[in-house]
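Everything below belongs to entry_39.cif, which stores mmCIF, C-alpha atoms.
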data_structure
#
loop_
_atom_site.label_atom_id
_atom_site.label_comp_id
_atom_site.auth_asym_id
_atom_site.auth_seq_id
_atom_site.Cartn_x
_atom_site.Cartn_y
_atom_site.Cartn_z
CA MET A 1 78.63 95.83 126.95
CA PRO A 2 76.48 92.87 127.96
CA ALA A 3 73.96 91.97 125.25
CA LEU A 4 70.33 91.78 126.35
CA CYS A 5 67.64 89.22 125.62
CA ARG A 6 65.39 90.33 122.80
CA ARG A 7 62.31 88.96 124.56
CA CYS A 8 62.77 89.84 128.23
CA SER A 9 65.86 92.07 128.47
CA ALA A 10 67.69 89.73 130.84
CA ARG A 11 71.36 89.05 130.14
CA ALA A 12 71.63 87.24 126.81
CA ILE A 13 73.68 84.05 126.57
CA LEU A 14 73.24 83.14 122.92
CA LYS A 15 73.08 84.64 119.48
CA ARG A 16 70.69 82.57 117.37
CA PRO A 17 72.26 81.57 114.07
CA LYS A 18 68.88 81.30 112.35
CA THR A 19 67.62 84.81 113.16
CA GLY A 20 70.50 86.73 114.74
CA ASP A 21 68.33 87.30 117.85
CA THR A 22 70.00 87.42 121.23
CA LEU A 23 68.32 85.38 123.98
CA CYS A 24 68.73 84.70 127.68
CA LYS A 25 68.95 81.14 128.93
CA GLU A 26 65.28 80.71 129.86
CA CYS A 27 63.96 82.29 126.65
CA PHE A 28 66.38 80.17 124.62
CA PHE A 29 65.05 76.96 126.19
CA GLU A 30 61.49 78.12 125.61
CA VAL A 31 61.98 79.14 121.98
CA PHE A 32 64.04 76.08 121.11
CA GLU A 33 61.41 73.70 122.53
CA LEU A 34 58.53 75.69 121.07
CA GLU A 35 59.96 75.55 117.55
CA ILE A 36 60.25 71.77 117.75
CA HIS A 37 56.68 71.58 119.05
CA GLN A 38 55.58 73.76 116.11
CA THR A 39 57.41 71.47 113.65
CA ILE A 40 55.58 68.50 115.17
CA LEU A 41 52.20 70.25 114.95
CA ASP A 42 52.70 71.55 111.41
CA SER A 43 53.52 68.10 110.08
CA LYS A 44 50.88 66.35 112.24
CA LEU A 45 53.52 63.91 113.36
CA PHE A 46 51.74 62.20 116.25
CA ARG A 47 48.34 60.96 117.33
CA PRO A 48 47.52 59.75 120.84
CA GLY A 49 48.45 56.15 121.59
CA LEU A 50 51.33 56.07 119.10
CA ARG A 51 54.34 53.98 120.14
CA VAL A 52 57.45 55.89 119.15
CA ALA A 53 61.08 54.73 119.24
CA ILE A 54 63.86 57.30 119.44
CA GLY A 55 66.97 56.18 117.59
CA ALA A 56 69.45 56.90 120.35
CA SER A 57 73.14 56.82 119.58
CA GLY A 58 73.92 58.62 122.81
CA GLY A 59 75.45 61.51 120.86
CA LYS A 60 74.39 65.14 121.16
CA ASP A 61 71.48 65.11 118.71
CA SER A 62 69.69 62.01 119.94
CA THR A 63 70.31 62.95 123.57
CA VAL A 64 68.73 66.37 123.07
CA LEU A 65 65.94 64.80 120.99
CA ALA A 66 65.11 62.29 123.73
CA HIS A 67 65.10 65.02 126.37
CA VAL A 68 62.98 67.44 124.36
CA MET A 69 60.50 64.74 123.28
CA LYS A 70 59.91 63.75 126.90
CA VAL A 71 59.42 67.40 127.91
CA LEU A 72 57.05 68.15 125.01
CA ASN A 73 55.06 64.93 125.38
CA GLU A 74 54.34 65.86 128.99
CA ARG A 75 53.81 69.57 128.42
CA TYR A 76 51.57 69.37 125.36
CA LYS A 77 50.02 65.97 126.09
CA TYR A 78 50.76 64.23 122.79
CA GLY A 79 49.77 60.99 124.51
CA ILE A 80 52.54 58.98 122.86
CA ASP A 81 54.74 56.27 124.41
CA LEU A 82 58.44 56.91 123.96
CA PHE A 83 61.16 54.24 123.79
CA LEU A 84 64.90 54.39 123.25
CA LEU A 85 66.46 52.18 120.60
CA SER A 86 70.20 51.83 119.99
CA VAL A 87 72.26 49.94 117.43
CA ASP A 88 75.59 48.44 118.45
CA GLU A 89 77.68 48.46 115.29
CA GLY A 90 80.38 46.38 116.91
CA ILE A 91 83.07 49.06 116.86
CA THR A 92 85.57 48.71 119.69
CA GLY A 93 85.03 51.37 122.35
CA TYR A 94 82.43 53.26 120.35
CA ARG A 95 79.22 52.17 122.00
CA GLY A 96 80.76 51.36 125.34
CA ARG A 97 77.85 52.91 127.14
CA PHE A 98 74.22 52.70 126.19
CA PRO A 99 71.84 55.54 126.86
CA GLY A 100 69.26 54.72 129.49
CA ASN A 101 67.56 51.35 129.42
CA GLY A 102 66.87 51.35 125.71
CA GLN A 103 66.85 48.25 123.61
CA ALA A 104 70.07 47.54 121.78
CA GLU A 105 70.34 45.88 118.39
CA ARG A 106 73.68 44.33 117.61
CA ASN A 107 74.97 44.26 114.05
CA SER A 108 76.78 41.01 114.74
CA ASP A 109 73.52 39.43 115.96
CA LEU A 110 71.51 40.57 112.95
CA TYR A 111 74.04 40.12 110.18
CA GLY A 112 76.67 37.78 111.57
CA TRP A 113 79.25 40.55 111.20
CA SER A 114 80.45 43.26 113.57
CA MET A 115 81.98 46.43 112.10
CA ASP A 116 85.34 45.38 113.57
CA GLU A 117 85.16 42.17 111.54
CA ILE A 118 83.98 44.05 108.45
CA VAL A 119 86.90 46.48 108.63
CA LYS A 120 89.28 43.54 108.92
CA GLN A 121 87.88 42.35 105.58
CA ILE A 122 87.51 45.58 103.69
CA GLY A 123 90.01 47.94 105.28
CA LEU A 124 89.44 51.59 106.06
CA LYS A 125 88.08 52.59 102.67
CA ASN A 126 84.32 52.37 102.12
CA ASN A 127 83.68 50.83 105.54
CA CYS A 128 81.28 53.68 106.34
CA THR A 129 79.02 52.41 103.54
CA PHE A 130 78.61 49.09 105.35
CA CYS A 131 78.08 50.75 108.70
CA GLY A 132 75.49 53.21 107.40
CA VAL A 133 73.47 50.65 105.44
CA PHE A 134 73.46 48.04 108.20
CA ARG A 135 72.77 50.53 110.98
CA ARG A 136 69.81 51.94 109.11
CA GLN A 137 68.25 48.53 108.63
CA ALA A 138 69.12 47.37 112.13
CA LEU A 139 67.19 50.32 113.50
CA ASP A 140 64.13 49.25 111.49
CA ARG A 141 64.42 45.65 112.64
CA GLY A 142 64.85 46.68 116.26
CA ALA A 143 61.84 48.94 116.04
CA MET A 144 59.72 46.15 114.60
CA GLN A 145 60.73 43.87 117.47
CA MET A 146 59.66 46.58 119.89
CA ASP A 147 56.37 46.84 118.08
CA VAL A 148 56.50 50.62 117.66
CA ASN A 149 54.69 52.66 114.98
CA MET A 150 57.39 55.21 114.23
CA ILE A 151 61.10 55.91 114.58
CA LEU A 152 62.44 59.35 115.42
CA THR A 153 65.99 60.28 114.48
CA GLY A 154 68.10 63.20 115.62
CA HIS A 155 68.88 64.66 112.19
CA ASN A 156 69.29 68.43 112.51
CA ALA A 157 69.17 71.32 110.05
CA ASP A 158 72.92 71.15 109.44
CA ASP A 159 72.73 67.41 108.63
CA ILE A 160 69.94 67.98 106.13
CA ALA A 161 71.64 70.96 104.49
CA GLU A 162 74.77 68.79 104.10
CA THR A 163 72.70 66.05 102.51
CA VAL A 164 71.08 68.54 100.11
CA ILE A 165 74.53 69.69 98.98
CA MET A 166 75.78 66.11 98.66
CA ASN A 167 72.81 64.97 96.61
CA LEU A 168 73.07 68.06 94.44
CA LEU A 169 76.76 67.44 93.75
CA ARG A 170 76.09 63.77 93.00
CA GLY A 171 73.14 64.59 90.81
CA ASP A 172 70.99 62.21 92.83
CA ILE A 173 67.61 63.73 92.05
CA ALA A 174 65.57 61.02 93.78
CA ARG A 175 67.35 61.45 97.10
CA LEU A 176 67.39 65.22 96.70
CA THR A 177 63.61 65.30 96.67
CA ARG A 178 63.34 62.85 99.57
CA CYS A 179 66.05 64.07 101.92
CA THR A 180 64.29 67.18 103.22
CA ALA A 181 60.99 65.45 104.02
CA ILE A 182 60.18 65.33 107.71
CA ILE A 183 58.68 61.85 107.38
CA THR A 184 60.18 59.18 105.14
CA GLY A 185 59.55 55.52 104.50
CA ALA A 186 55.87 55.74 105.35
CA GLU A 187 54.85 53.54 102.44
CA GLY A 188 57.01 50.50 103.05
CA THR A 189 58.59 49.95 106.42
CA LEU A 190 58.13 52.03 109.53
CA PRO A 191 57.83 55.78 109.08
CA ARG A 192 60.87 57.76 110.23
CA ALA A 193 60.58 61.32 111.35
CA LYS A 194 63.05 64.12 112.10
CA PRO A 195 61.56 66.52 114.66
CA LEU A 196 64.87 68.44 114.88
CA LYS A 197 65.00 69.13 111.14
CA TYR A 198 64.83 72.91 111.61
CA ALA A 199 67.08 72.98 114.69
CA TYR A 200 70.61 74.25 114.20
CA GLU A 201 73.45 72.10 115.41
CA LYS A 202 74.82 75.09 117.31
CA GLU A 203 71.58 75.43 119.26
CA ILE A 204 71.40 71.68 119.93
CA VAL A 205 74.90 71.73 121.38
CA MET A 206 74.19 74.90 123.38
CA TYR A 207 70.94 73.40 124.67
CA ALA A 208 72.81 70.30 125.85
CA TYR A 209 75.49 72.51 127.39
CA PHE A 210 73.12 74.77 129.33
CA LYS A 211 70.83 71.88 130.34
CA LYS A 212 73.96 69.97 131.40
CA LEU A 213 72.88 66.93 129.38
CA ASP A 214 75.60 64.32 129.32
CA TYR A 215 76.34 62.90 125.89
CA PHE A 216 78.81 60.71 124.11
CA SER A 217 81.37 62.42 121.88
CA THR A 218 83.81 59.60 121.23
CA GLU A 219 84.98 59.59 117.67
CA CYS A 220 84.57 56.42 115.67
CA ILE A 221 87.98 54.71 115.44
CA TYR A 222 87.45 54.07 111.73
CA SER A 223 87.82 56.94 109.30
CA PRO A 224 84.89 59.35 108.95
CA ASN A 225 82.77 59.50 105.83
CA ALA A 226 84.99 61.52 103.53
CA TYR A 227 82.36 62.82 101.14
CA ARG A 228 80.10 64.08 103.91
CA GLY A 229 83.19 65.58 105.52
CA TYR A 230 83.78 67.84 102.50
CA ALA A 231 80.15 68.97 102.43
CA ARG A 232 80.31 69.62 106.13
CA THR A 233 83.48 71.71 106.03
CA PHE A 234 82.04 73.71 103.15
CA LEU A 235 78.80 74.31 105.03
CA LYS A 236 80.56 75.32 108.25
CA ASP A 237 82.70 77.80 106.30
CA LEU A 238 79.54 79.26 104.76
CA GLU A 239 77.89 79.42 108.17
CA SER A 240 80.75 81.41 109.65
CA ILE A 241 80.15 84.06 106.96
CA ARG A 242 76.35 83.99 106.99
CA PRO A 243 74.68 81.76 109.61
CA ARG A 244 71.29 81.80 107.87
CA CYS A 245 72.66 79.85 104.92
CA ILE A 246 71.93 76.51 106.57
CA ILE A 247 68.20 77.06 106.86
CA ASP A 248 68.22 78.70 103.42
CA ILE A 249 69.82 75.65 101.82
CA LEU A 250 67.30 73.43 103.61
CA HIS A 251 64.41 75.52 102.29
CA SER A 252 65.87 75.47 98.77
CA GLY A 253 66.05 71.69 99.02
CA GLU A 254 62.42 71.53 100.12
CA ASN A 255 61.30 73.67 97.21
CA PHE A 256 63.15 71.87 94.46
CA ALA A 257 60.68 71.21 91.70
CA VAL A 258 61.41 68.18 89.57
CA LYS A 259 59.79 67.95 86.15
CA SER A 260 57.24 65.19 85.98
CA SER A 261 59.01 63.87 82.90
CA VAL A 262 62.14 63.06 84.94
CA LYS A 263 62.44 59.33 85.41
CA MET A 264 62.85 58.42 89.06
CA ALA A 265 63.76 55.12 90.64
CA VAL A 266 60.62 53.57 92.07
CA GLN A 267 60.98 52.31 95.60
CA GLY A 268 59.99 48.70 95.91
CA LEU A 269 60.83 45.82 98.17
CA CYS A 270 64.00 43.78 98.20
CA SER A 271 63.38 40.40 96.59
CA ARG A 272 65.56 38.69 99.18
CA CYS A 273 64.72 40.17 102.57
CA GLY A 274 61.58 42.18 101.86
CA PHE A 275 62.92 45.49 103.10
CA ILE A 276 62.29 48.73 101.21
CA SER A 277 64.72 49.17 98.34
CA SER A 278 65.01 51.07 95.07
CA GLN A 279 66.84 48.12 93.50
CA GLU A 280 65.77 44.53 92.94
CA VAL A 281 68.02 43.49 95.82
CA CYS A 282 68.63 45.95 98.66
CA LYS A 283 72.02 47.38 99.44
CA ALA A 284 72.26 45.54 102.77
CA CYS A 285 71.76 42.16 101.06
CA ILE A 286 74.30 43.03 98.38
CA LEU A 287 76.88 44.13 100.96
CA LEU A 288 76.20 41.10 103.12
CA ASP A 289 76.51 38.75 100.19
CA GLY A 290 79.85 40.30 99.30
CA LEU A 291 81.08 39.80 102.86
CA ASN A 292 79.91 36.21 103.04
CA ARG A 293 81.59 35.38 99.74
CA GLY A 294 84.83 36.97 100.84
CA LEU A 295 84.44 39.64 98.14
CA PRO A 296 83.44 42.62 100.28
CA ARG A 297 84.49 45.27 97.74
CA LEU A 298 82.05 43.80 95.26
CA ALA A 299 79.13 45.95 96.22
CA VAL A 300 80.78 49.28 96.78
CA ALA A 301 80.16 52.13 94.36
CA GLY A 302 79.80 51.88 90.63
CA LYS A 303 79.79 48.12 90.29
CA ILE A 304 76.09 47.52 90.23
CA LYS A 305 76.03 45.78 86.85
CA LYS A 306 78.70 43.37 87.95
CA VAL A 307 76.84 42.76 91.17
CA ASN A 308 73.66 41.95 89.30
CA ARG A 309 75.52 39.44 87.17
CA VAL A 310 77.01 37.80 90.24
CA PHE A 311 73.61 37.79 91.83
CA ALA A 312 72.01 36.09 88.89
CA VAL A 313 74.48 33.26 89.37
CA SER A 314 74.15 33.14 93.12
CA THR A 315 70.36 33.05 93.01
CA SER A 316 70.42 30.03 90.75
CA GLN A 317 72.93 28.38 93.07
CA ARG A 318 70.72 29.16 95.99
CA SER A 319 67.68 27.58 94.45
CA VAL A 320 69.72 24.44 93.93
CA GLU A 321 70.86 24.59 97.54
CA SER A 322 67.37 25.02 98.87
CA ALA A 323 66.22 22.12 96.75
CA SER A 324 68.80 19.99 98.52
CA GLY A 325 67.46 20.97 101.91
CA ASP A 326 69.54 24.05 102.81
CA SER A 327 67.07 26.51 104.24
CA GLY A 328 69.37 29.17 105.69
CA SER A 329 67.87 32.62 105.43
CA PRO A 330 70.12 35.12 103.69
CA LEU A 331 70.35 37.29 106.79
CA THR A 332 71.32 34.64 109.25
CA ASP A 333 73.60 32.52 107.09
CA ASP A 334 76.88 31.74 108.76
CA LYS A 335 79.92 33.15 107.09
CA GLN A 336 80.49 31.05 104.03
CA LYS A 337 83.80 30.17 102.54
CA PRO A 338 84.92 32.63 99.91
CA GLU A 339 83.84 31.54 96.49
CA ALA A 340 85.73 32.15 93.31
CA GLU A 341 84.92 35.50 91.75
CA VAL A 342 82.36 35.24 89.03
CA ALA A 343 82.68 37.43 85.92
CA MET B 1 97.71 84.81 140.78
CA ALA B 2 95.38 85.77 137.94
CA VAL B 3 94.36 82.75 135.92
CA ILE B 4 92.16 81.72 132.98
CA HIS B 5 90.15 78.50 133.11
CA VAL B 6 89.88 76.59 129.86
CA GLU B 7 87.58 73.62 129.27
CA PHE B 8 87.19 71.25 126.31
CA ALA B 9 84.04 69.32 125.48
CA GLY B 10 82.15 67.56 122.69
CA GLY B 11 85.27 65.83 121.41
CA VAL B 12 87.75 68.77 121.35
CA GLU B 13 89.40 67.21 124.40
CA LEU B 14 90.63 64.36 122.16
CA LEU B 15 93.01 66.84 120.52
CA PHE B 16 94.39 67.79 123.93
CA ASP B 17 95.31 64.30 125.16
CA ASN B 18 91.87 63.93 126.72
CA VAL B 19 92.50 66.83 129.08
CA LYS B 20 89.14 68.43 129.83
CA LYS B 21 90.21 71.32 132.04
CA LEU B 22 93.22 73.60 132.09
CA THR B 23 94.16 76.49 134.30
CA ILE B 24 96.53 78.91 132.63
CA PRO B 25 98.12 81.88 134.41
CA LEU B 26 96.96 84.99 132.59
CA GLU B 27 100.53 86.24 132.21
CA CYS B 28 101.41 83.06 130.31
CA VAL B 29 98.69 83.55 127.72
CA GLY B 30 100.55 86.24 125.81
CA GLY B 31 104.02 84.73 126.14
CA ASP B 32 107.06 86.63 127.41
CA THR B 33 107.01 89.72 125.25
CA ALA B 34 103.37 90.53 125.76
CA SER B 35 103.48 90.50 129.55
CA LYS B 36 106.34 92.99 129.50
CA GLU B 37 104.43 95.37 127.29
CA ASN B 38 101.35 95.00 129.46
CA LYS B 39 99.26 94.35 126.38
CA ILE B 40 95.56 93.45 126.50
CA LEU B 41 95.19 89.71 125.96
CA THR B 42 92.38 88.36 123.81
CA ILE B 43 90.92 85.01 122.76
CA LYS B 44 93.26 85.21 119.74
CA ASP B 45 96.25 85.18 122.09
CA LEU B 46 94.73 82.29 124.01
CA LEU B 47 94.35 80.29 120.78
CA GLN B 48 98.03 80.83 119.97
CA ARG B 49 99.06 79.78 123.48
CA LEU B 50 96.91 76.64 123.26
CA ARG B 51 98.42 75.76 119.91
CA GLN B 52 101.99 76.28 121.10
CA SER B 53 101.81 74.60 124.47
CA TYR B 54 98.81 72.32 124.77
CA LEU B 55 97.45 71.13 121.41
CA LYS B 56 98.71 67.58 121.01
CA GLN B 57 97.50 66.44 117.61
CA ARG B 58 95.94 67.49 114.35
CA PRO B 59 95.92 71.27 114.89
CA GLU B 60 93.87 71.66 111.70
CA LEU B 61 90.88 70.19 113.56
CA PHE B 62 91.05 72.99 116.14
CA LEU B 63 92.31 75.97 114.19
CA GLN B 64 91.74 77.28 110.70
CA GLY B 65 94.46 79.82 110.03
CA ASP B 66 94.71 81.93 113.18
CA SER B 67 91.07 81.48 114.10
CA ILE B 68 89.00 78.72 115.61
CA LYS B 69 87.78 76.07 113.18
CA PRO B 70 84.17 76.76 112.17
CA GLY B 71 81.95 74.26 113.98
CA ILE B 72 83.70 74.61 117.33
CA LEU B 73 81.63 76.72 119.70
CA VAL B 74 83.30 79.06 122.16
CA VAL B 75 81.52 79.87 125.40
CA ILE B 76 82.99 82.60 127.62
CA ASN B 77 81.67 82.70 131.20
CA ASP B 78 78.57 80.74 130.13
CA CYS B 79 77.86 83.09 127.24
CA ASP B 80 78.13 82.59 123.46
CA TRP B 81 81.38 84.29 122.37
CA GLU B 82 79.55 85.93 119.47
CA LEU B 83 77.94 88.20 122.08
CA MET B 84 81.28 88.93 123.73
CA GLY B 85 83.24 90.25 120.77
CA GLY B 86 84.42 86.90 119.43
CA PRO B 87 88.19 86.50 118.93
CA ASP B 88 88.81 90.07 120.13
CA TYR B 89 87.28 89.53 123.56
CA ALA B 90 89.68 90.87 126.19
CA LEU B 91 90.42 88.20 128.78
CA ALA B 92 89.95 89.10 132.43
CA PRO B 93 91.28 87.23 135.48
CA GLY B 94 89.07 84.30 136.46
CA ASP B 95 87.38 83.96 133.04
CA THR B 96 86.22 80.51 131.97
CA VAL B 97 86.51 79.73 128.25
CA VAL B 98 84.86 76.53 127.01
CA PHE B 99 85.51 75.03 123.58
CA ILE B 100 82.77 72.63 122.42
CA SER B 101 83.00 70.70 119.18
CA THR B 102 79.81 70.21 117.19
CA LEU B 103 81.69 68.10 114.71
CA HIS B 104 81.22 64.70 116.29
CA GLY B 105 78.40 62.40 115.32
CA GLY B 106 75.21 62.48 117.15
#
Show how you would write the structure in this file as structure tokens.
Amino acid sequence: MPALCRRCSARAILKRPKTGDTLCKECFFEVFELEIHQTILDSKLFRPGLRVAIGASGGKDSTVLAHVMKVLNERYKYGIDLFLLSVDEGITGYRGRFPGNGQAERNSDLYGWSMDEIVKQIGLKNNCTFCGVFRRQALDRGAMQMDVNMILTGHNADDIAETVIMNLLRGDIARLTRCTAIITGAEGTLPRAKPLKYAYEKEIVMYAYFKKLDYFSTECIYSPNAYRGYARTFLKDLESIRPRCIIDILHSGENFAVKSSVKMAVQGLCSRCGFISSQEVCKACILLDGLNRGLPRLAVAGKIKKVNRVFAVSTSQRSVESASGDSGSPLTDDKQKPEAEVA
Amino acid sequence: MAVIHVEFAGGVELLFDNVKKLTIPLECVGGDTASKENKILTIKDLLQRLRQSYLKQRPELFLQGDSIKPGILVVINDCDWELMGGPDYALAPGDTVVFISTLHGG
């Protein structure tokens, strides 16, 4: 009972989770690429001459993204220049191999701390917070050094549906309205776009499998993000019952209407490093300050008030220091000796 | 001798001591009793055999109950198992079954 391709009646190799259609290998490649092209057209993502960095971890999503972007740029003549950009978090064995000849940004170069060193300080709880915040900023900084106009990331439909569920459960209305957008950050730093936002993880993995794309599937040696893990397991269980649910959740997220009377955090710039932030001081600076003071747990979850108090003190100290000729920038400061805990 | 080829990719191999390919004699898939009864062997039987003899760590990352953990794709002879009858697919000599995790970062 071989299933047949819905488009050309050849032998089908895949059942599409989004539609339930059965497709042969060639039609699958065509439809998968065409949908991404359509996403790019609908959101008017590119204009000729644009310099575009692909955030390339070397994992399945960014590998497929890099491949598809090269194919589409040639086939549909977007006229954009594509670059690969990778961040080395400094996790032993995790980024042993870099994809292609892309530029690599090292956490330890940018922040004075590798993830290995951070985990030594903070242990295995909350370390993903540091990694995520630093990696995100490192990607921006790398892209600015490369003088590109836009960063593409490999976020897929499953990732975004997970994020919708997480933000819903946390009651984070500001992120809930932002997380489904195809382009973010356009006002402050470099715009980031997600051309794979409607692509199912299953199809991304199948595309890589049938195209024989080689990707990195080493697991991070430090524990995975627990909260996302729960959302993910939940979503995968839902998908096994009704595959369409992922795209449905994504669409629900896109169509969330927030009353205009709801007070939202306004995104501004970090007063210390100038990066985009919804707080006075951005999360990366807060985390980094905690590390440099030997109080790394300071900035993690639910301690914002305390952090602000500590910061008030540290800023006044800093102004004294700079008056006495210390001009170290907050991002390149050498590790300082732990100070006594304030408050 | 009739055999089944099994491959692991996308991170599933980490649960099998980094073994990426296995060749299992078809008669071993169902264990002793099954081969005597000449029963039809399915993917379900293969999963049990893998759990009993090959799975090295954290079985909950490979199986959920008696079935495959959602998020691990199964490809039988280069075809999505959902088109082949899923866990009830009857194994034939020379079949290649690939397990690919989608659960690792990307």
**Complete:** Counting only C-alpha atoms, the residue among A:Asn149, A:Ser261, A:Thr19, A:Ser57 that lies closest to chain B is A:Ser57
**Ground truth for the PyMOL selection byres ((chain B and resi 45) around 10), written as a PyMOL selection string** = chain B and resi 28-31+34+40-44+46-51+66+87-88+90-91
**Message:** Quick check on the file I pasted: which residues fall under the PyMOL selection byres ((chain A) within 10 of (chain B))? Write them as JSON, numbers by chain.
**Reply:** {"A": [1, 2, 3, 4, 11, 12, 13, 14, 15, 16, 22, 24, 25, 56, 57, 58, 59, 60, 61, 62, 63, 64, 153, 154, 155, 156, 201, 202, 203, 204, 205, 206, 209, 210, 214, 215, 216, 217, 218, 219, 220, 224, 229, 232, 233, 234, 235, 236, 237, 238, 239, 240, 241]}
**Prompt:** Got a sec to resolve the PyMOL selection byres ((chain A and resi 161) around 8) on this structure and send the residues as a PyMOL selection string?
**Reply:** chain A and resi 157-160+162-165+235+246-247+249-250+253
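Comparing A:Leu23, A:Ala284, A:Leu82, A:Val68 by their smallest distance to Arg51 of chain A, the closest is A:Leu82 (using only C-alpha atoms).
Among the candidate residues A:Ala193, A:Cys27, A:Leu85, A:Ala138, the one lying nearest to Lys44 of chain A is A:Ala193, with distances computed using all atoms listed in the file.
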**Request:** Identify the residues within 12 Å of coordinate (97.0, 65.9, 116.0) (same frame as the file), considering all atoms listed in the file, and give the answer as a ChimeraX atom specification.
**Result:** /B:12-17,51,54-63
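Our summary of the geometry notes that atom CA of Tyr111 of chain A is positioned 28.1 Å from atom CA of Leu65 of chain A.
Considering all atoms listed in the file, the residue among A:Thr177, A:Gln121, A:Ser86, A:Thr184 positioned nearest to Arg141 of chain A is A:Ser86.
Take atom CA of Asn167 of chain A and atom CA of His37 of chain A: the distance between them is 28.4 Å.
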**Request:** Provide the atom CA of Gly90 of chain A to atom CA of Arg135 of chain A distance in Å, to one decimal place.
**Result:** 10.5 Å
What box, with edges along x, y and z, holds each listed atom of segment 83-92 of chain A when 3 Å is added on every side, and can you state its centre and edge lengths in Å to one decimal, as AutoDock Vina command-line options?
--center_x 73.4 --center_y 50.4 --center_z 119.5 --size_x 30.4 --size_y 14.0 --size_z 14.5
**Message:** Ranking B:Lys20, B:Pro25, B:Val74, B:Val98 by minimum distance to Gly86 of chain B and counting only C-alpha atoms, which one comes first?
**Reply:** B:Val74
**Prompt:** From the list A:Ile173, A:Cys5, A:Ile118, A:Val52, which residue is nearest Ala257 of chain A when using only C-alpha atoms?
**Reply:** A:Ile173
